[in-house]
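K.L.:
So I've got this file, final-v4.txt, and it contains compact mmCIF, C-alpha atoms:
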```txt
# COMPACT_ATOMS: atom_id res chain seq x y z
CA MET A 641 0.00 0.00 0.00
CA THR A 642 1.31 3.42 -0.90
CA ALA A 643 1.13 5.88 1.99
CA ARG A 644 -1.18 8.79 1.23
CA ILE A 645 0.27 12.29 1.41
CA PHE A 646 -2.01 15.01 2.80
CA PRO A 647 -0.85 18.40 1.51
CA THR A 648 -2.95 20.29 4.09
CA ALA A 649 -4.38 19.64 7.53
CA GLN A 650 -7.83 19.87 5.96
CA ASP A 651 -6.96 17.02 3.59
CA ALA A 652 -5.93 14.93 6.59
CA GLU A 653 -9.18 15.84 8.36
CA ASN A 654 -11.29 14.88 5.33
CA ALA A 655 -9.48 11.52 5.14
CA PHE A 656 -9.99 10.98 8.87
CA TYR A 657 -13.77 11.34 8.65
CA GLU A 658 -13.97 9.33 5.42
CA ALA A 659 -12.10 6.46 7.10
CA LEU A 660 -14.34 6.79 10.16
CA GLU A 661 -17.50 6.54 8.03
CA ARG A 662 -16.18 3.59 6.02
CA CYS A 663 -14.76 1.82 9.10
CA ASP A 664 -11.50 1.64 7.14
CA LEU A 665 -8.79 0.83 9.68
CA GLU A 666 -5.84 1.18 7.29
CA GLY A 667 -7.25 4.44 5.95
CA MET A 668 -7.69 5.67 9.50
CA MET A 669 -4.18 4.78 10.63
CA ALA A 670 -2.72 6.37 7.45
CA VAL A 671 -4.03 9.70 8.76
CA TRP A 672 -2.18 9.43 12.10
CA ALA A 673 1.43 10.48 12.56
CA GLU A 674 3.88 7.60 12.97
CA ASP A 675 4.73 8.76 16.46
CA GLU A 676 4.38 7.35 19.94
CA ASP A 677 3.12 10.73 21.22
CA ILE A 678 -0.20 10.55 19.36
CA VAL A 679 -3.20 11.03 21.66
CA CYS A 680 -6.77 9.84 21.10
CA VAL A 681 -9.75 10.36 23.41
CA HIS A 682 -13.00 8.79 22.21
CA PRO A 683 -16.30 10.17 23.61
CA ALA A 684 -16.46 9.34 27.33
CA GLY A 685 -13.25 7.39 26.91
CA LEU A 686 -9.85 7.16 28.52
CA ARG A 687 -6.90 8.88 26.94
CA LEU A 688 -5.08 6.52 24.60
CA THR A 689 -1.49 7.16 23.55
CA GLY A 690 0.77 5.60 20.94
CA GLN A 691 0.15 3.59 17.79
CA ASP A 692 -0.88 0.33 19.47
CA GLN A 693 -3.58 1.76 21.76
CA VAL A 694 -4.97 4.03 19.05
CA ARG A 695 -5.09 1.33 16.36
CA GLU A 696 -6.68 -1.19 18.72
CA SER A 697 -9.41 1.29 19.72
CA TRP A 698 -10.39 1.99 16.11
CA ALA A 699 -10.27 -1.71 15.24
CA ARG A 700 -12.75 -2.37 18.05
CA MET A 701 -15.01 0.49 16.96
CA PHE A 702 -14.90 -0.57 13.31
CA ALA A 703 -15.56 -4.27 13.99
CA ALA A 704 -19.33 -3.93 13.44
CA GLY A 705 -18.86 -2.31 10.02
CA PRO A 706 -20.14 1.00 8.63
CA ARG A 707 -23.46 2.17 10.03
CA ALA A 708 -23.16 5.91 10.55
CA ARG A 709 -22.57 9.05 8.51
CA VAL A 710 -20.86 12.04 10.02
CA HIS A 711 -21.46 15.63 9.02
CA ILE A 712 -18.91 18.20 10.26
CA THR A 713 -20.08 21.69 11.23
CA ASN A 714 -18.88 24.82 13.04
CA GLN A 715 -15.19 24.36 12.30
CA VAL A 716 -12.79 26.75 14.03
CA ALA A 717 -9.30 26.33 12.53
CA ILE A 718 -5.97 27.81 13.57
CA SER A 719 -2.89 26.94 11.55
CA GLY A 720 0.80 27.40 12.23
CA MET A 721 3.77 26.24 10.20
CA MET A 722 4.04 22.88 11.95
CA LEU A 723 0.79 22.44 13.83
CA ALA A 724 -2.85 23.04 12.96
CA VAL A 725 -5.80 22.85 15.35
CA HIS A 726 -9.38 22.27 14.23
CA SER A 727 -12.33 22.39 16.60
CA VAL A 728 -15.46 20.86 15.05
CA HIS A 729 -18.89 19.48 15.79
CA GLU A 730 -19.37 15.90 14.59
CA ASN A 731 -23.03 15.22 13.79
CA PHE A 732 -23.67 11.50 13.41
CA THR A 733 -26.62 10.05 11.52
CA ILE A 734 -27.17 6.39 12.30
CA GLU A 735 -28.29 4.10 9.47
CA GLY A 736 -32.07 4.11 9.00
CA GLN A 737 -32.41 7.49 10.63
CA ARG A 738 -33.10 10.62 8.62
CA ARG A 739 -30.89 13.60 9.21
CA GLY A 740 -32.99 16.01 11.24
CA ASP A 741 -34.51 13.28 13.41
CA ALA A 742 -33.71 13.80 17.04
CA GLY A 743 -30.58 11.71 17.03
CA PRO A 744 -27.52 11.28 19.16
CA VAL A 745 -26.11 14.45 20.66
CA PRO A 746 -23.37 16.12 18.65
CA ILE A 747 -19.79 15.35 19.52
CA VAL A 748 -17.28 18.15 20.09
CA ALA A 749 -13.85 17.28 18.71
CA THR A 750 -10.46 18.94 18.93
CA ASN A 751 -8.22 17.67 16.14
CA VAL A 752 -4.53 18.56 15.99
CA TYR A 753 -2.39 17.99 12.91
CA LEU A 754 1.38 17.96 12.54
CA ARG A 755 3.32 18.75 9.38
CA THR A 756 5.64 15.79 8.86
CA ALA A 757 8.07 14.86 6.10
CA ALA A 758 5.16 12.83 4.68
CA GLY A 759 2.58 15.62 4.72
CA TRP A 760 0.09 16.61 7.40
CA ARG A 761 -0.91 13.93 9.89
CA MET A 762 -3.18 13.80 12.93
CA ILE A 763 -1.49 13.78 16.33
CA VAL A 764 -4.44 14.50 18.65
CA HIS A 765 -8.13 13.60 18.40
CA HIS A 766 -10.11 14.52 21.51
CA ALA A 767 -13.86 13.92 21.25
CA SER A 768 -16.55 14.35 23.89
CA PRO A 769 -20.34 14.37 23.80
CA ALA A 770 -21.95 17.80 24.02
CA PRO A 771 -25.04 17.77 26.22
CA GLY A 772 -28.39 18.22 24.51
CA GLY A 773 -30.45 21.35 24.79
CA GLN A 774 -29.50 24.86 23.92
CA GLN A 775 -26.46 25.30 21.75
CA PRO A 776 -24.53 28.53 22.15
CA PRO A 777 -24.48 30.61 18.98
CA ALA A 778 -22.20 29.14 16.34
CA PRO A 779 -19.06 31.12 15.63
CA ARG A 780 -18.69 32.67 12.22
CA GLU A 781 -17.45 30.12 9.74
CA GLY A 782 -14.62 31.40 7.63
CA PRO A 783 -11.25 30.50 6.24
CA PRO A 784 -8.79 29.13 8.77
CA LYS A 785 -6.65 31.62 10.63
CA ILE A 786 -3.13 31.30 9.25
CA LEU A 787 -0.37 32.30 11.63
CA HIS A 788 2.61 32.21 9.31
CA MET B 1213 -3.65 45.70 36.01
CA THR B 1214 -0.49 44.91 34.13
CA ALA B 1215 -0.99 42.03 31.72
CA ARG B 1216 1.18 39.06 32.54
CA ILE B 1217 3.59 37.83 29.89
CA PHE B 1218 4.09 34.09 29.65
CA PRO B 1219 7.46 33.35 28.01
CA THR B 1220 6.56 29.71 27.37
CA ALA B 1221 3.43 27.64 26.88
CA GLN B 1222 4.27 25.88 30.13
CA ASP B 1223 4.22 29.21 31.98
CA ALA B 1224 0.76 29.86 30.56
CA GLU B 1225 -0.35 26.37 31.61
CA ASN B 1226 0.95 26.86 35.15
CA ALA B 1227 -0.93 30.17 35.39
CA PHE B 1228 -4.09 28.54 34.03
CA TYR B 1229 -4.17 25.88 36.75
CA GLU B 1230 -3.19 28.37 39.48
CA ALA B 1231 -6.09 30.62 38.46
CA LEU B 1232 -8.40 27.60 38.36
CA GLU B 1233 -7.44 26.56 41.90
CA ARG B 1234 -7.76 30.10 43.26
CA CYS B 1235 -11.02 30.79 41.37
CA ASP B 1236 -9.28 33.91 40.08
CA LEU B 1237 -11.32 35.13 37.11
CA GLU B 1238 -8.95 37.92 36.06
CA GLY B 1239 -5.96 35.59 36.39
CA MET B 1240 -7.81 32.99 34.30
CA MET B 1241 -8.76 35.40 31.53
CA ALA B 1242 -5.18 36.80 31.46
CA VAL B 1243 -4.09 33.34 30.27
CA TRP B 1244 -6.47 33.29 27.30
CA ALA B 1245 -5.64 34.88 23.94
CA GLU B 1246 -7.53 38.06 23.18
CA ASP B 1247 -9.18 36.43 20.23
CA GLU B 1248 -12.73 35.54 19.26
CA ASP B 1249 -11.57 32.12 18.05
CA ILE B 1250 -10.75 30.80 21.54
CA VAL B 1251 -12.52 27.50 22.31
CA CYS B 1252 -13.38 26.09 25.73
CA VAL B 1253 -15.11 22.78 26.47
CA HIS B 1254 -15.70 22.07 30.16
CA PRO B 1255 -16.22 18.43 31.24
CA ALA B 1256 -19.53 17.20 29.76
CA GLY B 1257 -20.11 20.72 28.47
CA LEU B 1258 -21.00 22.43 25.25
CA ARG B 1259 -18.31 24.05 23.18
CA LEU B 1260 -17.94 27.72 24.09
CA THR B 1261 -16.26 30.18 21.74
CA GLY B 1262 -15.10 33.77 22.11
CA GLN B 1263 -14.23 35.91 25.10
CA ASP B 1264 -17.77 36.46 26.38
CA GLN B 1265 -18.84 32.81 26.53
CA VAL B 1266 -15.52 31.68 27.98
CA ARG B 1267 -15.38 34.41 30.66
CA GLU B 1268 -19.00 33.83 31.67
CA SER B 1269 -18.42 30.08 32.08
CA TRP B 1270 -15.44 30.56 34.38
CA ALA B 1271 -17.28 33.26 36.37
CA ARG B 1272 -20.10 30.77 36.97
CA MET B 1273 -17.68 28.00 37.98
CA PHE B 1274 -15.69 30.31 40.28
CA ALA B 1275 -18.75 31.80 42.03
CA ALA B 1276 -18.60 29.31 44.91
CA GLY B 1277 -14.95 30.12 45.65
CA PRO B 1278 -11.90 27.87 45.91
CA ARG B 1279 -12.59 24.35 47.08
CA ALA B 1280 -10.40 22.04 45.00
CA ARG B 1281 -6.74 21.45 44.27
CA VAL B 1282 -5.64 20.12 40.92
CA HIS B 1283 -2.59 17.97 40.33
CA ILE B 1284 -1.44 17.61 36.71
CA THR B 1285 0.03 14.30 35.53
CA ASN B 1286 0.96 12.44 32.35
CA GLN B 1287 1.68 15.48 30.24
CA VAL B 1288 2.32 14.91 26.56
CA ALA B 1289 3.59 18.13 24.96
CA ILE B 1290 4.24 19.02 21.34
CA SER B 1291 5.55 22.49 20.52
CA GLY B 1292 5.83 24.36 17.25
CA MET B 1293 6.94 27.92 16.63
CA MET B 1294 3.47 29.40 17.00
CA LEU B 1295 1.36 26.67 18.59
CA ALA B 1296 1.93 24.24 21.44
CA VAL B 1297 -0.34 21.36 22.41
CA HIS B 1298 -0.37 19.81 25.88
CA SER B 1299 -2.42 16.74 26.74
CA VAL B 1300 -2.73 16.24 30.50
CA HIS B 1301 -4.63 14.44 33.22
CA GLU B 1302 -6.21 16.81 35.74
CA ASN B 1303 -6.56 15.13 39.15
CA PHE B 1304 -8.83 17.10 41.44
CA THR B 1305 -8.78 16.83 45.22
CA ILE B 1306 -11.87 18.31 46.81
CA GLU B 1307 -11.47 20.19 50.10
CA GLY B 1308 -11.54 17.87 53.11
CA GLN B 1309 -10.55 14.89 51.02
CA ARG B 1310 -7.07 13.41 51.22
CA ARG B 1311 -5.24 12.82 47.97
CA GLY B 1312 -5.38 9.11 47.42
CA ASP B 1313 -8.97 8.79 48.58
CA ALA B 1314 -11.19 7.44 45.86
CA GLY B 1315 -12.19 10.83 44.49
CA PRO B 1316 -13.67 12.19 41.34
CA VAL B 1317 -12.48 10.57 38.14
CA PRO B 1318 -9.55 12.25 36.44
CA ILE B 1319 -10.24 14.73 33.70
CA VAL B 1320 -8.45 14.47 30.36
CA ALA B 1321 -7.58 17.89 28.95
CA THR B 1322 -6.19 19.06 25.64
CA ASN B 1323 -4.70 22.54 26.01
CA VAL B 1324 -3.52 24.52 23.01
CA TYR B 1325 -1.36 27.64 23.31
CA LEU B 1326 -0.61 30.33 20.76
CA ARG B 1327 2.47 32.51 20.65
CA THR B 1328 1.19 36.08 20.50
CA ALA B 1329 2.90 39.47 20.59
CA ALA B 1330 2.19 39.37 24.35
CA GLY B 1331 3.69 35.93 25.00
CA TRP B 1332 2.06 32.51 24.99
CA ARG B 1333 -1.68 32.37 25.57
CA MET B 1334 -4.29 29.64 25.69
CA ILE B 1335 -6.56 29.30 22.67
CA VAL B 1336 -8.16 25.89 23.30
CA HIS B 1337 -9.06 24.08 26.52
CA HIS B 1338 -10.99 20.85 25.95
CA ALA B 1339 -11.68 18.81 29.08
CA SER B 1340 -13.67 15.61 29.47
CA PRO B 1341 -14.08 13.10 32.28
CA ALA B 1342 -12.17 9.86 31.85
CA PRO B 1343 -14.20 6.86 32.98
CA GLY B 1344 -13.07 5.08 36.13
CA GLY B 1345 -11.46 1.71 36.11
CA GLN B 1346 -8.32 0.56 34.41
CA GLN B 1347 -6.04 3.27 33.12
CA PRO B 1348 -3.94 2.43 30.10
CA PRO B 1349 -0.22 2.58 30.80
CA ALA B 1350 1.01 6.14 31.15
CA PRO B 1351 3.28 7.34 28.39
CA ARG B 1352 6.84 8.13 29.21
CA GLU B 1353 7.12 11.57 30.74
CA GLY B 1354 9.89 13.60 29.27
CA PRO B 1355 10.75 16.98 27.88
CA PRO B 1356 8.30 18.36 25.34
CA LYS B 1357 8.86 17.49 21.73
CA ILE B 1358 10.13 20.62 20.04
CA LEU B 1359 9.43 20.85 16.33
CA HIS B 1360 11.50 23.85 15.47
```
Show the structure stored in the file as structure tokens.
P.N.:
Amino acid sequence: MTARIFPTAQDAENAFYEALERCDLEGMMAVWAEDEDIVCVHPAGLRLTGQDQVRESWARMFAAGPRARVHITNQVAISGMMLAVHSVHENFTIEGQRRGDAGPVPIVATNVYLRTAAGWRMIVHHASPAPGGQQPPAPREGPPKILH
Amino acid sequence: MTARIFPTAQDAENAFYEALERCDLEGMMAVWAEDEDIVCVHPAGLRLTGQDQVRESWARMFAAGPRARVHITNQVAISGMMLAVHSVHENFTIEGQRRGDAGPVPIVATNVYLRTAAGWRMIVHHASPAPGGQQPPAPREGPPKILH
């Protein structure tokens, strides 16, 4: 398998959510940096660190096969030369459920990407369920803030 | 009030947790970047963005006054020129409770810092409760990974 190169952090983020929807373990792990300092926190989960823990957690989640779509909204992005941080809402639609049905609560995710010799890769994914009820006003959506 | 300058992301992180322990709202807000793109997710909370939402949330949390100590462990730090990311465990000890008592579950936090003209400031704080039970092995603790 040829490793995929992600020219931007957004490309890595798109590949991350595509792999998540398809339950594609190799596609998922191709998004992560080859680094023992990677950090992954699934909703209501422990912090996992390193390739082995992160891969094993996705393998377990993907075992049942694809059954959800995820729609990303309210992205706030801040990009430096070497690191990029995206804060997003993950809106899951479970199979058989129409978007717009009262579904699972949205997930808040903080995704951090690192520019490596092999393009941008994920180094942190921290996801947690947002409680239902009133959402604060969404921030303006615009182009990412570029620091360099 | 003279604004405090934090020469490193770690200085900003230390000031963040000191302000949190002391329930010091001005000290807390002095750590945050003066930016509408700041993001704060309290444990089991909605995502808050911008100065007003973030300040209001800390004011509400601090209203009861100091009653907890927080001990930071298992830091994983990755630092670029403009952004630094710290993943930590926040271990709270409530007043009247000895450390080591079975207390509240640890909180996993992802803290992101931005180098501004006025030193390093926080731009993202994302905290979520880690479930009790078995903790995966802690990563090695060492100096932060410096990318530049």
K.L.:
Determine which residues of chain B sit within 7 Å of chain A, taking into account all atoms listed in the file, and present them as a compact mmCIF listing (two decimals) with C-alpha atoms, keeping the file's coordinate frame.
P.N.:
```txt
# COMPACT_ATOMS: atom_id res chain seq x y z
CA ASP B 1249 -11.57 32.12 18.05
CA ALA B 1256 -19.53 17.20 29.76
CA GLY B 1257 -20.11 20.72 28.47
CA LEU B 1258 -21.00 22.43 25.25
CA ARG B 1259 -18.31 24.05 23.18
CA LEU B 1260 -17.94 27.72 24.09
CA THR B 1261 -16.26 30.18 21.74
CA VAL B 1288 2.32 14.91 26.56
CA GLY B 1292 5.83 24.36 17.25
CA MET B 1294 3.47 29.40 17.00
CA LEU B 1295 1.36 26.67 18.59
CA VAL B 1320 -8.45 14.47 30.36
CA SER B 1340 -13.67 15.61 29.47
CA PRO B 1341 -14.08 13.10 32.28
CA ALA B 1342 -12.17 9.86 31.85
CA PRO B 1343 -14.20 6.86 32.98
CA PRO B 1348 -3.94 2.43 30.10
CA PRO B 1351 3.28 7.34 28.39
```
K.L.:
Tell me which protein, DNA and RNA residues are within 6 Å of Met762 in chain A, counting all atoms listed in the file, leaving out same-chain ones fewer than 5 positions away, and put them as a list of chain:residue names.
P.N.:
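Close residues of Met762 in chain A: A:Val671, A:Trp672, A:Ala673, A:Val752, A:Tyr753.
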K.L.:
Might you pull out every residue within 9 Å of Gly1277 in chain B, with only C-alpha atoms counted and same-chain residues fewer than 5 positions away left off, and present them as a PyMOL selection string?
P.N.:
chain B and resi 1234-1236
K.L.:
From the set B:Val1317, B:Leu1232, B:Ala1242, B:Val1266, which residue has the shortest atom-to-atom contact distance to Ala1330 in chain B, counting only C-alpha atoms?
P.N.:
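Among the listed residues, B:Ala1242 lies closest to Ala1330 in chain B.
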K.L.:
To one decimal place in Å, what is the distance between CA of Asn731 in chain A and CA of Tyr657 in chain A?
P.N.:
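According to the coordinates, CA of Asn731 in chain A and CA of Tyr657 in chain A are separated by 11.3 Å.
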K.L.:
Distance CA of Ala757 in chain A-CA of Arg1333 in chain B, one decimal place?
P.N.:
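For CA of Ala757 in chain A relative to CA of Arg1333 in chain B, the distance reads 27.9 Å.
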K.L.:
Quick one: pull the distance between CA of Ser1269 in chain B and CA of Pro1219 in chain B, Å, one decimal.
P.N.:
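CA of Ser1269 in chain B sits 26.4 Å away from CA of Pro1219 in chain B.
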K.L.:
Can you work out which one of A:Asn654, A:Thr733, A:Thr713, A:Gln691 has the shortest atom-to-atom distance to Trp760 in chain A, counting all atoms listed in the file?
P.N.:
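Of A:Asn654, A:Thr733, A:Thr713, A:Gln691, the one nearest Trp760 in chain A, counting all atoms listed in the file, is A:Asn654.
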K.L.:
Excluding Ala708 in chain A and its own-chain neighbours fewer than 5 positions away, which residues fall within 8 Å of it when counting only C-alpha atoms? Please give them as a VMD selection string.
P.N.:
chain A and resid 661 732 to 735
K.L.:
Take the selection from the previous step and output its residues with C-alpha atoms, as a tab-separated table (two decimals), keeping the file's coordinate frame.
P.N.:
```
chain	number	residue	atom	x	y	z
A	661	GLU	CA	-17.50	6.54	8.03
A	732	PHE	CA	-23.67	11.50	13.41
A	733	THR	CA	-26.62	10.05	11.52
A	734	ILE	CA	-27.17	6.39	12.30
A	735	GLU	CA	-28.29	4.10	9.47
```
